[in-house]
Amino acid sequence: MALLDLDPKVVATARRLAAKAAEPVVAIAKAHTTVAVERATLRLAGITGADSTHRAGDVPWVNRVVDTVREQCGLEHGVVLPAFHALREHDLATLTELAEATAAGQVRFTIPEGRDRTRARKAATAAVTRGIRTVDRNRAQREKLVAKLGDPAQRPWIYLIVATGDIDEDVVQAQNAARAGADVIAVIRSTGQSLLDYVPEGATHHGFAGTYATQENFRIMRAALDEVSKEVGRYVRLTNYASGLCMPEIAVLAGLQRLDMMLNDSMYGILFRDINPIRTFVDQRFSRQVHARAGIIINTGEDNYLTTADAVEAAHTVTVSQLLNEHFAHEAGLPDHLLGLGHAFEINPKVPESFRLELAHALLARELFPDAPLKWMPPTKHMTGDVFNGYLLDGFFNLAGVLTGQSILLVGMMTEAVVTPFLSDRDLALANVRYVLDAAGGLRDDFRPAPDGLIVKRAHQVLGEAVDLLARIVDDGLLDAIADGTFGLMKRPADGGKGADGVVAKADGYCNPASDLLEAR
Amino acid sequence: MALLDLDPKVVATARRLAAKAAEPVVAIAKAHTTVAVERATLRLAGITGADSTHRAGDVPWVNRVVDTVREQCGLEHGVVLPAFHALREHDLATLTELAEATAAGQVRFTIPEGRDRTRARKAATAAVTRGIRTVDRNRAQREKLVAKLGDPAQRPWIYLIVATGDIDEDVVQAQNAARAGADVIAVIRSTGQSLLDYVPEGATHHGFAGTYATQENFRIMRAALDEVSKEVGRYVRLTNYASGLCMPEIAVLAGLQRLDMMLNDSMYGILFRDINPIRTFVDQRFSRQVHARAGIIINTGEDNYLTTADAVEAAHTVTVSQLLNEHFAHEAGLPDHLLGLGHAFEINPKVPESFRLELAHALLARELFPDAPLKWMPPTKHMTGDVFNGYLLDGFFNLAGVLTGQSILLVGMMTEAVVTPFLSDRDLALANVRYVLDAAGGLRDDFRPAPDGLIVKRAHQVLGEAVDLLARIVDDGLLDAIADGTFGLMKRPADGGKGADGVVAKADGYCNPASDLLEAR
Amino acid sequence: MKRHVRPYGDTTGDGMVQTSFTLPVPFGPKADGAAQQLANKMGIDPAMVVHSHAIGADFTFFVVYGSVGHIVDLDEVRVVEREYPLLSPSEVNTTLKKLLRRKLVVVGGCIGTDAHTVGIDAILNIKGFAGEKGLEYYRELKVVNLGAQVSVPELVRRARAEKADAVLVSQVVTQRDAHVLNTREMAAAFREAMGDRRPLLIAGGPRFDPLMAGELGVDRVFGRGTTPGEVASYLVHAVQTKKEGAA
Amino acid sequence: MKRHVRPYGDTTGDGMVQTSFTLPVPFGPKADGAAQQLANKMGIDPAMVVHSHAIGADFTFFVVYGSVGHIVDLDEVRVVEREYPLLSPSEVNTTLKKLLRRKLVVVGGCIGTDAHTVGIDAILNIKGFAGEKGLEYYRELKVVNLGAQVSVPELVRRARAEKADAVLVSQVVTQRDAHVLNTREMAAAFREAMGDRRPLLIAGGPRFDPLMAGELGVDRVFGRGTTPGEVASYLVHAVQTKKEGAA
Ligand code: B12
Ligand code: B12
Ligand SMILES: Cc1ncc(COP(=O)(O)O)c(C=O)c1O
Ligand SMILES: Cc1ncc(COP(=O)(O)O)c(C=O)c1O
């Protein structure tokens, strides 16, 4: 039931403006590839493993191959043509063998022409298709497990973070969290990972404030959650981060290991990791195509803006970003039910009527995106070492989630300002959620914002400001808006940031069977 | 704005039945006096001090006099006739001198007749009138201070307990609490006091889980609060307990020392202190007459029923008791704006939709008694040593208070199940209240229980059950209902309980100028 | 299970604990330093004073997190183990009947100025606690519940009059150690009045430590969360042991 | 103020504290006993285990209240006292101008993989913190804010290129002591690269203890709640002291 009485015309205008603002960026994304997109493609084609003899530590084979191809014949035609051509030329059975030979300096990559090109393309398509089939099988398997074990009994789904840095400790904490009621487990990544231009290999134990995202860690955790899913009688979802310099590859690994949700924002890397904007938009498009195929729910990162900007002043930037994320996602093939658009309870609790303002913002998102599984993020910025007060604030966050019908509730921790969560913090936080859901689960029926009251007015105001800002972005260009600090007060020029040199303009003969297959849907 | 759509006819029936149920008890109350009523009368007439030479510890002079009068000529004519007669006969200047002479065995009390009676009556009336004038002056002084300093800026008023057992520590805690936002300070009494048949004297320092209610302690705390009232720029109210065997006397002391609210329930002493029912009803009527004169808000004790009975099953007994308390209060001259009827947030938090059920009960009370300053009591029974969870529960209690427009909010403590409150507990509890009031103060505007929803249905159901129970009480008699365990599951026969021997049937010539003056209003 | 354990934050052995307290020191860096010192004395090192705020002009409240060096030795943990089997009501009845051939008489109440009857009622009344029926439900028990604020002399008198086999007292208020003082006074009174022929003395309440029975002078102490079944089973066990001792 | 103080619950000297922790021990009386033991080792005696609940099959969470015997000696409290006056922005500007006759150059950033810029931005950006403007607002300061995730070699290079008088680094992530390790690494790199001519080194972040400056190899450490004015005033003081030392 609509409570805000939003004007459908204003809403339509907002969407139209968002599409228009995104258009030039989509064109850029289509016209470029990146080292990461190419690596992701080879991963779909089956390459795995790492060069452990390298002096700089393990270097994934896929990086060796893509880097060498780029050196020797450029990436503007895509990596698969030279790679699969070389495979045949050198009569190698697998991509891994190719990588070993590459590392040994035995391979010379060239762009095949004519029949060679057709052959290489075909072989690559066959290999990538096998990869995509694995992704499809995982999606089907998820559907089967959900059918068998069931989805969580309630909305919102309860989303919990583990962050020990050690995958084995993570497993202990995740399984206990699931037993205590978590529906979704997110394994937070080590602080440094987003700026690594490769995906680490194997099981890892030494992350800082998070655990490395690796294919093996994904596998271990998914298996652990499958085990506990059976025990608790509901399918427990697993989340990780398709973000940073390896966004597309991690999206592929998630598809291959049956992850269920991925943090994947169109601008987070630009704003909060100072990654080059073009790199980000290209990577983002590809990764979202993969997510769409894998049936993975993406989670966007609008909550982050409210940690650097003020949650009241910048409320409309959240709405604008949600509309942009929605458009980019649709364009990449993601349907509404996979759009976990983000927003957060980050208003300074000292602001008068802060709770009602939170309700206004949360309800606006709910009514703008009625079919999206919105992700509701807890207070972080105004959490302090006063853990009692923090526990209360988290309770009101939970209540706001219930009152406004949020879909996924990221559980807040009373120790937010202190440490990454203790085992007991998570347990207490779940008790908090359970109390609120049990005691006030149906209170939504009794929540009717006064027409013309503070909540309704505030929602209309934010939507109005969002439309105005979108109009300005259409005029100035999204890239310039980002450069100006529109989002989260972070100023990021289009030519700055990390990973810019990994961006490559596609040549006319660019070939990427993954893109073709994913685009074809 | 009425949200529950209660049927005015049902409400009128409920009130009519309550009046009918109370009628025989009021008749009994009028027909009797008690040692405590007589002592209270003498206190109004000016007697103070204690016999500190007595081997059983300090015995207030007033007890010596009343006990001796009773021994020598009975109390059925009231204490003032023999007392003031003796005063004149023995040519003594003050009641204290009379008491000393009494203790020394030098006085012989008799019931004066004819002119002696008229003289004694006149002298007594003059003395009691002086006492009542002090009460009147205090009332006027309160009004002046409120006009000057102001009432709290918000509703509900914030009510805090101090309970160190030592009046000096109480002062420290009370002043700090006021600075931190408390509008009302209640000094909890020592566990044993309610069963003492005398009021202790002087400043005290050794209470158990509370501080003795004495005239001097009242004075000390009222002075301390006057001081801090100036500092914080609002009139901070003081509360104590007119309950137990000395209910009427304490009511008088409260009037003499400008207390502002008093716990004063018509049945609490019967149920929870096993005090004789007749004694209680007699004492209650007199004490309420004093409170009415003093402009003191009474607080009733329905919350207590929910600590011994289940808050869902027994919800209607709270309503019945509120209606009875209302009637007894009106009958004793208290207007609606002095009726701090009690109720509490005591539903087991594990009950599904517990918060909405709390809202239903709280709103029912609000709409049944729209002009009464309802007192909303926090969770106690379901508080555990899990202080984090307790802090959250208290937050939801505060929210329920705000959503349903309660008038006086007794602040819950996270250590409820552990210790009498620490300084920091009170401070944290106030921060909790402040957050809820600031963040969600206006949320009431957006709270519209769904017509025919859980909240509305539940409120109607409880009112219906209350009416049924009242009808049964009218049939069986209130005293029998109490004997049967109707309230708080406590069974208290009319002839049982402590203090029964302090009840005296009035003779025809019974004389009590205090009653006359108070009744005359 | 390992013998030696440390508190667990998010990693085995990290020793992490949370603590909060108030110091009578005005808010400021010096106060934070004082909190740090106290935390260190408690064995928390490193200690992080993660929050502090003034309570009035003279006090500061703190929240501290950190790692304690202490190691818990589970072999050294002393608890009162239940040394008797948990019996069902019918087992209790049958055994008592066999042992005594009369009803076992239980007198209970809250002594001193304590009026918290909910706890003792949970044990005695039919209604019971946590899904278990109370002692009144047991056919072979005669229960006399004296209720609240029973004075010690009155309790002794009634116990004697009823020929009580066991006296159960509840103490909930603990401020200024009221529960300890009252219980000791009660035990002394029974000793004085009846010497060795005194009934079984059982104390209960949420803040009692079952290890305290000896120093309180009673036979058994029950703490928070006690169920009627545990008490009934103990009664059987105690009567049995007494009989055996006498035989 | 008294020299010796104890925690305050509701009475002077009562020593009352609250603590909570998890032990890797299955829920039950034995676990409560273990919690009691730990609390005793922390100096809490008597200790009341007022709450415990299972976290999964292998862990138990506890809340404990009780009185600690420890006494805080306020004379022994070591804090970094501000040994310089708090100056207004115009005082800072005038003094610096007199002292240096050029702008003082400040280079700042978050080092290592830390991307929490809000804290350093609060100190550096015009917008400032707690109502005080940041260092960029000061006419006589030239501020170069390198932002997040600056590597140590990059920081040294930029500091050299800008002829930095002071380098301000922020560290917010503390898991596995990342803040300590990164700061030490930074200090060592400057020492190695520039020896005695290294700029002033200042570290800040919410979990730093200002007492740690020495062991970290920096000149000064600022903790939670630092304001820009404190930092600006310190800079003036440090430059002054250096000049005096050199003169
Ligand atoms: C209900 C209640 C009341 C009711 C009591 C009604 C009644 N008829 O019992 C009323 C409202 C009357 C009341 C009044 C007061 N109360 Co009160 N009350 C509580 C409350 C909320 C719950 C206690 C309870 O019923 N628990 C449930 C029962 C089932 O648990 P239990 O008592 O622990 O019993 C279990 C075990 O301990 C054990 N057990 C207990 N006794 C026995 C005995 C035997 C023989 C055995 C085998 C086992 C056993 O078995 C039981 C079942 O498992 C607590 C706070 C809390 N949440 O705990 C405060 C609390 C106990 N009250 C407190 C106080 C101070 C008071 C007052 C003194 C306040 C005042 N100054 O006015 C008054 C006066 C009471 C008096 N003279 O004693 C304090 C005590 C502080 C302290 N530790 O010293 C508490 C902790 C609240 C607080 N934090 O201030 N109270
Ligand atoms: C905002 C925030 C973020 C934002 C940062 C945005 C940005 N551009 O800064 C985002 C969302 C990006 C983020 C991400 C992460 N965060 Co973060 N984040 C926070 C949060 C909520 C607030 C921090 C903050 O801004 N405080 C406000 C500022 C003003 O305070 P401050 O930093 O203390 O600074 C003051 C003083 O310390 C001092 N100061 C600070 N630096 C300096 C430097 C100098 C020279 C001086 C003089 C003074 C000084 O002055 C400042 C003003 O008084 C905290 C939780 C919390 N409530 O504290 C978590 C927190 C810091 N984050 C945490 C973590 C783990 C992360 C992640 C690593 C999680 C992950 N694995 O994905 C990521 C990755 C970040 C990375 N690579 O570093 C943890 C750190 C745990 C720990 N102790 O190790 C925290 C504590 C949350 C938690 N409990 O898990 N985070
Ligand atoms: C949208 C989004 N992506 C990614 C991340 C994680 O950051 P990193 O990429 O540094 O692991 C976050 C952090 O919360 C996020 O919100
Ligand atoms: C209505 C009422 N009167 C009195 C009291 C205080 O009890 P006592 O009379 O034992 O001091 C209470 C306790 O909360 C109460 O609710």
# chains A, B, ... in the order shown; residues from 1 in each chain; ligands from 1
>>> residues_near_ligand(ligand="ligand 3", cutoff="7 Å", atoms="only C-alpha atoms and all ligand atoms", output="NGL selection string")
:A and (188-194 or 241-244 or 263-265 or 268-269 or 273 or 299-301 or 303-304)
>>> write_last_selection(atoms="C-alpha atoms", output="PDB file, in the first residue's frame")
ATOM      1  CA  ILE A 188      34.012  -8.915   4.442  1.00  0.00           C
ATOM      2  CA  ARG A 189      37.207  -8.527   2.460  1.00  0.00           C
ATOM      3  CA  SER A 190      40.636  -7.590   3.708  1.00  0.00           C
ATOM      4  CA  THR A 191      41.271  -3.856   3.581  1.00  0.00           C
ATOM      5  CA  GLY A 192      43.818  -4.072   0.792  1.00  0.00           C
ATOM      6  CA  GLN A 193      42.073  -6.323  -1.663  1.00  0.00           C
ATOM      7  CA  SER A 194      40.137  -3.864  -3.751  1.00  0.00           C
ATOM      8  CA  TYR A 241      32.184  -8.186  -3.004  1.00  0.00           C
ATOM      9  CA  ALA A 242      32.361  -7.765  -6.780  1.00  0.00           C
ATOM     10  CA  SER A 243      34.180  -4.493  -6.476  1.00  0.00           C
ATOM     11  CA  GLY A 244      37.667  -3.083  -6.756  1.00  0.00           C
ATOM     12  CA  LEU A 263      28.124  -6.073  -3.371  1.00  0.00           C
ATOM     13  CA  ASN A 264      28.339  -4.412  -6.762  1.00  0.00           C
ATOM     14  CA  ASP A 265      27.896  -0.709  -7.091  1.00  0.00           C
ATOM     15  CA  TYR A 268      31.599   2.784  -5.093  1.00  0.00           C
ATOM     16  CA  GLY A 269      35.063   1.939  -6.427  1.00  0.00           C
ATOM     17  CA  ARG A 273      38.674   3.384  -3.583  1.00  0.00           C
ATOM     18  CA  ASN A 299      23.848  -4.904  -3.435  1.00  0.00           C
ATOM     19  CA  THR A 300      24.581  -1.307  -4.205  1.00  0.00           C
ATOM     20  CA  GLY A 301      26.519   1.016  -1.931  1.00  0.00           C
ATOM     21  CA  ASP A 303      24.941   3.771   2.347  1.00  0.00           C
ATOM     22  CA  ASN A 304      28.576   4.772   1.989  1.00  0.00           C
TER      23      ASN A 304
END
>>> select_by_dssp(residues="stretch 134-222 of chain B", states="strand (DSSP E or B)", output="PyMOL selection string")
chain B and resi 157-162+184-187
>>> write_last_selection(atoms="N, CA, C and O atoms", output="PDB file, in the first residue's frame")
ATOM      1  N   TRP B 157       6.359  13.407  31.284  1.00  0.00           N
ATOM      2  CA  TRP B 157       7.338  13.820  32.276  1.00  0.00           C
ATOM      3  C   TRP B 157       8.217  12.624  32.602  1.00  0.00           C
ATOM      4  O   TRP B 157       7.749  11.478  32.632  1.00  0.00           O
ATOM      5  N   ILE B 158       9.466  12.933  32.895  1.00  0.00           N
ATOM      6  CA  ILE B 158      10.436  11.868  33.124  1.00  0.00           C
ATOM      7  C   ILE B 158      10.618  11.658  34.627  1.00  0.00           C
ATOM      8  O   ILE B 158      11.022  12.573  35.343  1.00  0.00           O
ATOM      9  N   TYR B 159      10.311  10.447  35.044  1.00  0.00           N
ATOM     10  CA  TYR B 159      10.213  10.101  36.469  1.00  0.00           C
ATOM     11  C   TYR B 159      11.320   9.123  36.811  1.00  0.00           C
ATOM     12  O   TYR B 159      11.442   8.079  36.173  1.00  0.00           O
ATOM     13  N   LEU B 160      12.129   9.499  37.778  1.00  0.00           N
ATOM     14  CA  LEU B 160      13.278   8.664  38.115  1.00  0.00           C
ATOM     15  C   LEU B 160      13.286   8.297  39.580  1.00  0.00           C
ATOM     16  O   LEU B 160      12.909   9.096  40.439  1.00  0.00           O
ATOM     17  N   ILE B 161      13.815   7.121  39.831  1.00  0.00           N
ATOM     18  CA  ILE B 161      13.856   6.586  41.177  1.00  0.00           C
ATOM     19  C   ILE B 161      15.247   6.734  41.778  1.00  0.00           C
ATOM     20  O   ILE B 161      16.228   6.548  41.065  1.00  0.00           O
ATOM     21  N   VAL B 162      15.361   7.091  43.035  1.00  0.00           N
ATOM     22  CA  VAL B 162      16.636   6.928  43.731  1.00  0.00           C
ATOM     23  C   VAL B 162      16.386   6.003  44.912  1.00  0.00           C
ATOM     24  O   VAL B 162      15.300   5.990  45.476  1.00  0.00           O
ATOM     25  N   VAL B 184      10.786  14.318  37.593  1.00  0.00           N
ATOM     26  CA  VAL B 184      10.188  13.854  38.843  1.00  0.00           C
ATOM     27  C   VAL B 184      11.188  12.903  39.492  1.00  0.00           C
ATOM     28  O   VAL B 184      11.720  12.027  38.831  1.00  0.00           O
ATOM     29  N   ILE B 185      11.425  13.104  40.788  1.00  0.00           N
ATOM     30  CA  ILE B 185      12.310  12.195  41.523  1.00  0.00           C
ATOM     31  C   ILE B 185      11.470  11.472  42.567  1.00  0.00           C
ATOM     32  O   ILE B 185      10.753  12.104  43.335  1.00  0.00           O
ATOM     33  N   ALA B 186      11.570  10.140  42.557  1.00  0.00           N
ATOM     34  CA  ALA B 186      10.906   9.364  43.600  1.00  0.00           C
ATOM     35  C   ALA B 186      11.971   8.760  44.493  1.00  0.00           C
ATOM     36  O   ALA B 186      12.927   8.158  43.999  1.00  0.00           O
ATOM     37  N   VAL B 187      11.814   8.944  45.791  1.00  0.00           N
ATOM     38  CA  VAL B 187      12.726   8.309  46.729  1.00  0.00           C
ATOM     39  C   VAL B 187      12.056   7.032  47.218  1.00  0.00           C
ATOM     40  O   VAL B 187      11.061   7.071  47.944  1.00  0.00           O
TER      41      VAL B 187
END
>>> interface_residues(of="chain D", to="chain B", cutoff="12 Å", atoms="only C-alpha atoms", output="mmCIF file with N, CA and C atoms, in the first residue's frame")
data_model
loop_
_atom_site.group_PDB
_atom_site.id
_atom_site.type_symbol
_atom_site.label_atom_id
_atom_site.label_comp_id
_atom_site.auth_asym_id
_atom_site.auth_seq_id
_atom_site.Cartn_x
_atom_site.Cartn_y
_atom_site.Cartn_z
ATOM 1 N N PRO D 7 35.753 2.531 41.769
ATOM 2 C CA PRO D 7 34.529 2.665 40.972
ATOM 3 C C PRO D 7 33.326 2.915 41.871
ATOM 4 N N TYR D 8 32.357 3.612 41.322
ATOM 5 C CA TYR D 8 31.179 4.040 42.072
ATOM 6 C C TYR D 8 29.923 3.462 41.429
ATOM 7 N N GLY D 9 29.222 2.622 42.191
ATOM 8 C CA GLY D 9 27.931 2.123 41.710
ATOM 9 C C GLY D 9 26.858 3.064 42.219
ATOM 10 N N ASP D 10 26.505 2.924 43.500
ATOM 11 C CA ASP D 10 25.598 3.909 44.071
ATOM 12 C C ASP D 10 26.058 4.413 45.425
ATOM 13 N N THR D 11 27.258 4.008 45.828
ATOM 14 C CA THR D 11 27.767 4.456 47.119
ATOM 15 C C THR D 11 29.274 4.633 47.001
ATOM 16 N N THR D 12 29.778 5.673 47.585
ATOM 17 C CA THR D 12 31.210 5.929 47.524
ATOM 18 C C THR D 12 31.982 4.706 48.014
ATOM 19 N N ASP D 14 32.042 1.675 46.726
ATOM 20 C CA ASP D 14 31.486 0.325 46.562
ATOM 21 C C ASP D 14 32.203 -0.498 45.494
ATOM 22 N N GLY D 15 32.958 0.158 44.628
ATOM 23 C CA GLY D 15 33.799 -0.573 43.671
ATOM 24 C C GLY D 15 33.071 -1.285 42.561
ATOM 25 N N MET D 16 31.807 -0.936 42.318
ATOM 26 C CA MET D 16 31.000 -1.747 41.405
ATOM 27 C C MET D 16 31.364 -1.536 39.924
ATOM 28 N N VAL D 17 31.515 -2.646 39.217
ATOM 29 C CA VAL D 17 31.757 -2.618 37.776
ATOM 30 C C VAL D 17 30.839 -3.637 37.104
ATOM 31 N N GLN D 18 30.695 -3.437 35.801
ATOM 32 C CA GLN D 18 29.947 -4.392 34.961
ATOM 33 C C GLN D 18 30.947 -4.942 33.971
ATOM 34 N N THR D 19 30.842 -6.222 33.650
ATOM 35 C CA THR D 19 31.690 -6.739 32.579
ATOM 36 C C THR D 19 30.935 -7.808 31.800
ATOM 37 N N SER D 20 31.304 -7.988 30.544
ATOM 38 C CA SER D 20 30.710 -9.062 29.744
ATOM 39 C C SER D 20 31.793 -9.682 28.880
ATOM 40 N N PHE D 21 31.650 -10.963 28.641
ATOM 41 C CA PHE D 21 32.632 -11.673 27.810
ATOM 42 C C PHE D 21 32.072 -13.033 27.408
ATOM 43 N N ALA D 47 31.673 -11.576 42.904
ATOM 44 C CA ALA D 47 31.248 -11.408 41.517
ATOM 45 C C ALA D 47 29.911 -12.102 41.325
ATOM 46 N N MET D 48 28.961 -11.405 40.726
ATOM 47 C CA MET D 48 27.653 -12.017 40.450
ATOM 48 C C MET D 48 27.541 -12.277 38.956
ATOM 49 N N VAL D 49 27.435 -13.537 38.583
ATOM 50 C CA VAL D 49 27.178 -13.873 37.187
ATOM 51 C C VAL D 49 25.666 -13.694 37.001
ATOM 52 N N VAL D 50 25.274 -12.552 36.500
ATOM 53 C CA VAL D 50 23.842 -12.242 36.496
ATOM 54 C C VAL D 50 23.154 -12.709 35.226
ATOM 55 N N HIS D 51 23.945 -13.111 34.251
ATOM 56 C CA HIS D 51 23.336 -13.593 33.005
ATOM 57 C C HIS D 51 24.320 -14.479 32.274
ATOM 58 N N SER D 52 23.805 -15.549 31.694
ATOM 59 C CA SER D 52 24.632 -16.338 30.781
ATOM 60 C C SER D 52 23.710 -16.967 29.761
ATOM 61 N N HIS D 53 24.175 -17.046 28.550
ATOM 62 C CA HIS D 53 23.411 -17.789 27.542
ATOM 63 C C HIS D 53 24.348 -18.428 26.540
ATOM 64 N N PHE D 61 28.046 -16.814 26.684
ATOM 65 C CA PHE D 61 28.211 -15.381 26.913
ATOM 66 C C PHE D 61 27.747 -15.050 28.328
ATOM 67 N N PHE D 62 28.463 -14.147 28.976
ATOM 68 C CA PHE D 62 28.175 -13.819 30.376
ATOM 69 C C PHE D 62 28.078 -12.324 30.612
ATOM 70 N N VAL D 63 27.242 -11.968 31.551
ATOM 71 C CA VAL D 63 27.275 -10.622 32.105
ATOM 72 C C VAL D 63 27.532 -10.772 33.603
ATOM 73 N N VAL D 64 28.498 -10.035 34.087
ATOM 74 C CA VAL D 64 28.884 -10.146 35.487
ATOM 75 C C VAL D 64 28.881 -8.757 36.123
ATOM 76 N N TYR D 65 28.357 -8.673 37.322
ATOM 77 C CA TYR D 65 28.466 -7.446 38.110
ATOM 78 C C TYR D 65 29.190 -7.781 39.407
ATOM 79 N N GLY D 66 29.873 -6.802 39.932
ATOM 80 C CA GLY D 66 30.503 -7.022 41.209
ATOM 81 C C GLY D 66 31.448 -5.911 41.565
#
>>> residues_near_ligand(ligand="ligand 2", cutoff="6 Å", atoms="only C-alpha atoms and all ligand atoms", output="ChimeraX atom specification")
/A:188-192,209-210,272,304,307-308,380-384,415-420 /D:113-120,122,168-175,202-206,222-227,231
>>> interface_residues(of="chain A", to="chain B", cutoff="10 Å", atoms="only C-alpha atoms", output="PyMOL selection string")
chain A and resi 348-359+386-396+399+414+428-429+431-432+434-451+453-456
>>> residues_around(residues="stretch 37-41 of chain C", least_positions_apart="6", cutoff="8 Å", atoms="only C-alpha atoms", output="count of residues only")
7
>>> select_by_dssp(residues="stretch 55-141 of chain A", states="alpha helix (DSSP H)", output="JSON, numbers by chain")
{"A": [61, 62, 63, 64, 65, 66, 67, 68, 69, 70, 71, 72, 73, 80, 81, 82, 83, 84, 85, 86, 87, 88, 89, 95, 96, 97, 98, 99, 100, 101, 102, 103, 114, 115, 116, 117, 118, 119, 120, 121, 122, 123, 124, 125, 126, 127, 128, 129, 130, 131, 132, 133, 134, 135, 136, 137, 138, 139, 140, 141]}
>>> atom_distance(atom1="atom CA of A:Asn325", atom2="atom CA of A:Ser266")
6.1 Å
>>> residues_around(residues="D:Val107", least_positions_apart="4", cutoff="8 Å", atoms="only C-alpha atoms", output="PyMOL selection string")
chain D and resi 143-146+158-159+162+164+166-168
